[in-house]
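*Asks:* The following block contains the structure, expressed as structure tokens.
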Amino acid sequence: CTNFYIPQTHYFKNGYALQKYPCVGIDHIYKSGLRLTEEEQQLLDNFSPELIYGKAKVKVPDKFVPATVFYDKKVLRFYGYFKQTIYESPLEYYRVRRVIIYYYLEDDSMAIYEIPYKNSALWQGMRVRRHRFPKTDQHETYNWRDLNLSQNVAVYGTVYRICDCDKFTKEWLESEGIVLNCSELLPVDPYTQKMIDQHEKEKTHGHSDLQEILPNMFIQTEIGNKQFNQLDRKILRFFAVLDERDQLYGDLRKFIIHFYLIDNTVEIREIHEENDGYDPYPVYLNRQIIPKDSAYNINSYVNLFVNSKEKKKICYLIPKDFCLGKNINIFNRLFFLYNCDIYTKSFYHQNFQMFDFTPIEVDLKKFHKRIKLPPIPPHNMFGKPEDTIQNVKHLVPKPIKRDQIKLMENENRVLRYEAMMDTPREEDRRRRFIISYRVADDQISVYERPLDGHSVLSRKFLERVRIPKPGSHPDAPCYYGPHDFYIDAIVEFFKHRFIIIDADLYVLKFIEENKHQFPQHVIDSLRKKLCHYDNSNKNDGNKRTQYNYNNSVEQTINHQASLSFHSYA
């Protein structure tokens with residue numbers, strides 16, 4: 001039989017899936033008993049293999065922990081050093097500088113920290129910041145497998161020698177299968193060891209010169225731990241002035257004097273002011289012991305070889321030598337102490353029973369030298385006198401600053417006056433002019449009015465400009481103001497004399513609003529003239545045409561029109 005058709009057990013009827021029990025086998029031969037009985041069906045429905053075989057053991061997957069979390073705050077720490085070559089020094093050829101190398105397991109980064117030494121005057125602390133250190137030129141970085149004891153590590157041209165590590169680093173490397181080399185002792189700086197040995201030898205024979213070379217290295221051993229803890233970082237601060245005005249190019253300068261109680265050393269710092277003319281160096285005198293007799297300088301190379309017995313005779317400055325209101329001699333320079341801080345006052349009160357700490361008033365402004373400014377050169381007649389001053393004040397001249405408030409408040413305010421020429425010529429005396437004064441910038445312009453019956457256009461007589469008064473100095477001119485214009489007043493504009501004969505009604509209104517800016521005779525003259533015209537206009541009731549005096553030269557005036565100056569307002 002080659003027909004292996006499998007009979008179907010499901011079929012669809014009217015769109016619904018129904019169950020069909022097979023009656024034939026694979027070979028399409030009818031077989032009885034293919035249909036399960038109810039007991040067999042119930043047995044299969046309730047069959048549970050766990051009752052026979054037991055519960056299946058399901059493996060729970062292990063919880064995944066990232067490497068950054070697992071190695072967080074796990075740092076390998078190595079102790080080492082590097083040698084720094086010292087050139088042109090007869091005392092030492094190289095210097096040993098101790099470092100700590102940190103290796104961070106979370107991201108394979110490293111950092112190098114130099115152990116700082118107090119008062120070493122070296123750049124210490126964090127030497128190389130945390131990042132991945134390059135190992136080769138092919139962008140390979142250091143790994144924890146590359147670090148071991150008694151091994152050199154080259155980082156940016158500096159060779160570091162790893163001598164030892166801490167307990168955690170040793171256990172972790174051994175757990176990873178790394179065989180650690182034997183640890184080494186950190187070497188001693190030869191110069192420091194030489195000075196310590198020399199100090200021990202000379203300690204029994206007399207005064208040692210080592211304290212003069214390295215005064216801060218052996219302070220604690222000489223003065224004792226108790227005194228060291230009490231006086232460490234205790235500083236007396238005085239405010240002083242140095243008067244050198246009796247010398248050539250001398251001046252009165254301010255200083256701050258620090259007295260260190262730990263070793264009786266003195267430091268002087270200068271207080272600089274803006275544009276004081278001195279170099280901006282804060283330290284005027286480095287910290288050192290100061291002899292009372294300025295003939296001795298303990299830090300000079302010559303005195304290093306003076307007899308030790310002679311050195312004992314030298315007296316140095318002590319806190320008792322400092323007193324407010326007195327001069328103190330420091331290397332032939334007299335510093336006047338005029339004040340001190342609160343801690344200094346309490347120190348002298350407790351130890352020397354001093355009570356009067358009244359600061360002495362020193363008026364430094366009074367002593368400042370008045371710098372004689374060079375005289376302003378005379379006006380060269382190019383531009384305005386203010387332009388000459390700007391050329392003196394600035395290398396690159398800047399425009400003159402204007403009074404912005406005055407410009408905004410008086411932007412459209414113009415005072416107009418009618419004037420005639422003060423001249424013996426009859427034809428010029430008949431000419432009439434309109435003088436316009438701009439209150440915003442004090443500039444004056446003059447226009448000539450056309451005469452009645454003459455077809456002559458309005459002409460510009462003078463461009464708008466600030467006009468100085470006759471007789472004023474050309475370098476410091478005195479300009480015309482609104483108080484200089486009143487009835488019958490004579491004004492002179494560049495050797496042309498004018499007589500004020502009339503004014504605009506707005507002029508009287510402006511003067512009434514600003515009475516405090518004008519003299520009384522100016523107000524009276526304008527009131528007498530303009531009030532008469534104002535009353536006559538009310539009585540006549542005639543309509544007068546308005547004449548507009550523009551600044552344009554091209555304006556034409558119809559000579560047949562009736563002109564009235566008072567109706568212009």
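By convention in this document, the chains of the structure tokens carry letters A, B, ... by their order, each chain's residues are numbered from 1, and ligands are numbered from 1 in the order they are shown.
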Among segment 422-455 of chain A, which residues carry a DSSP assignment of alpha helix (DSSP H), reported as a PyMOL selection string?
*Replies:* chain A and resi 426-429
*Asks:* Grab the residues selected above and save them as a short mmCIF file (atom, residue, chain, number, x, y, z; two decimals), in the first residue's frame with all heavy atoms.
*Replies:*
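The result, stored in again-v3.cif:
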data_model
loop_
_atom_site.label_atom_id
_atom_site.label_comp_id
_atom_site.auth_asym_id
_atom_site.auth_seq_id
_atom_site.Cartn_x
_atom_site.Cartn_y
_atom_site.Cartn_z
N GLU A 426 23.61 151.89 5.58
CA GLU A 426 22.15 151.97 5.65
C GLU A 426 21.49 150.77 4.98
O GLU A 426 20.47 150.25 5.46
CB GLU A 426 21.68 153.27 4.98
CG GLU A 426 20.19 153.52 5.11
CD GLU A 426 19.73 153.69 6.54
OE1 GLU A 426 20.57 154.12 7.38
OE2 GLU A 426 18.56 153.38 6.84
N GLU A 427 22.06 150.28 3.88
CA GLU A 427 21.43 149.16 3.17
C GLU A 427 21.52 147.86 3.98
O GLU A 427 20.64 146.99 3.88
CB GLU A 427 22.08 148.96 1.80
CG GLU A 427 23.58 148.71 1.82
CD GLU A 427 24.37 150.01 1.78
OE1 GLU A 427 23.77 151.07 2.02
OE2 GLU A 427 25.58 149.95 1.51
N ASP A 428 22.55 147.73 4.84
CA ASP A 428 22.65 146.54 5.67
C ASP A 428 21.75 146.64 6.91
O ASP A 428 21.32 145.63 7.45
CB ASP A 428 24.11 146.31 6.11
CG ASP A 428 24.98 145.84 4.97
OD1 ASP A 428 24.40 145.31 3.97
OD2 ASP A 428 26.22 145.98 5.04
N ARG A 429 21.48 147.87 7.34
CA ARG A 429 20.63 148.02 8.51
C ARG A 429 19.17 147.68 8.21
O ARG A 429 18.40 147.34 9.11
CB ARG A 429 20.72 149.45 9.04
CG ARG A 429 22.06 149.81 9.65
CD ARG A 429 22.07 151.24 10.16
NE ARG A 429 21.09 151.44 11.22
CZ ARG A 429 21.32 151.21 12.51
NH1 ARG A 429 22.52 150.76 12.90
NH2 ARG A 429 20.38 151.44 13.40
#
*Asks:* Taking 2 positions as the minimum chain separation for residues in the same chain, which residues sit within 12 Å of Phe518 of chain A when counting only C-alpha atoms? Answer as a PyMOL selection string.
*Replies:* chain A and resi 481-486+507-508+510-516+520-526
*Asks:* Write out as number ranges by chain the set of residues from segment 43-246 of chain A that DSSP, computed on the backbone, places in strand (DSSP E or B).
*Replies:* A: 75-85, 94-104, 109-114, 125-131, 134, 141, 151-155, 158-165, 235-243
*Asks:* Convert the current residue selection to file output with C-alpha atoms, as a short mmCIF file (atom, residue, chain, number, x, y, z; two decimals), in the first residue's frame.
*Replies:*
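As written to disk, out_39.cif reads:
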data_model
loop_
_atom_site.label_atom_id
_atom_site.label_comp_id
_atom_site.auth_asym_id
_atom_site.auth_seq_id
_atom_site.Cartn_x
_atom_site.Cartn_y
_atom_site.Cartn_z
CA VAL A 75 41.13 50.03 42.93
CA LEU A 76 44.61 48.56 42.79
CA ARG A 77 47.17 50.72 44.57
CA PHE A 78 50.91 50.54 43.92
CA TYR A 79 53.68 52.49 45.65
CA GLY A 80 56.63 53.70 43.62
CA TYR A 81 58.89 56.60 42.73
CA PHE A 82 60.64 58.31 39.86
CA LYS A 83 63.96 60.11 39.67
CA GLN A 84 64.22 63.72 38.59
CA THR A 85 67.57 64.86 37.21
CA TYR A 94 68.99 63.71 41.11
CA ARG A 95 65.94 63.83 43.34
CA VAL A 96 63.69 60.93 44.40
CA ARG A 97 59.98 61.77 44.26
CA ARG A 98 57.49 59.27 45.66
CA VAL A 99 54.21 58.51 43.92
CA ILE A 100 51.12 56.32 44.26
CA ILE A 101 49.79 54.59 41.12
CA TYR A 102 46.05 53.86 41.11
CA TYR A 103 44.50 51.31 38.73
CA TYR A 104 40.68 51.38 38.47
CA SER A 109 41.95 53.67 33.81
CA MET A 110 44.94 54.81 35.84
CA ALA A 111 46.06 57.86 37.82
CA ILE A 112 49.36 58.89 39.38
CA TYR A 113 49.43 60.91 42.58
CA GLU A 114 52.63 62.39 44.02
CA GLY A 125 49.67 66.32 44.22
CA MET A 126 47.84 64.86 41.21
CA ARG A 127 50.60 64.32 38.66
CA VAL A 128 48.68 62.46 35.92
CA ARG A 129 44.90 62.59 35.93
CA ARG A 130 42.71 59.52 35.62
CA HIS A 131 42.46 58.07 32.11
CA PRO A 134 48.93 54.62 26.37
CA THR A 141 46.74 50.86 26.80
CA GLN A 151 58.97 46.67 37.50
CA ASN A 152 59.31 49.89 35.51
CA VAL A 153 56.32 51.61 33.91
CA ALA A 154 56.86 54.32 31.28
CA VAL A 155 54.13 56.97 31.21
CA THR A 158 58.68 59.41 32.70
CA VAL A 159 59.79 56.03 34.07
CA TYR A 160 58.08 55.03 37.32
CA ARG A 161 59.46 52.20 39.45
CA ILE A 162 56.83 50.08 41.25
CA CYS A 163 58.16 48.95 44.61
CA ASP A 164 55.20 47.73 46.65
CA CYS A 165 51.39 47.51 46.79
CA ILE A 235 51.01 84.37 62.33
CA LEU A 236 51.11 88.00 63.47
CA ARG A 237 49.99 90.47 60.83
CA PHE A 238 50.91 94.15 60.81
CA PHE A 239 49.96 96.89 58.37
CA ALA A 240 52.85 99.21 57.54
CA VAL A 241 53.92 101.96 55.17
CA LEU A 242 57.32 102.66 53.66
CA ASP A 243 58.07 106.36 53.13
#
*Asks:* Would you mind listing what lies within 10 Å of Met381 of chain A as a ChimeraX atom specification, with only C-alpha atoms counted and same-chain residues fewer than 4 positions away left out?
*Replies:* /A:385,388,474-475
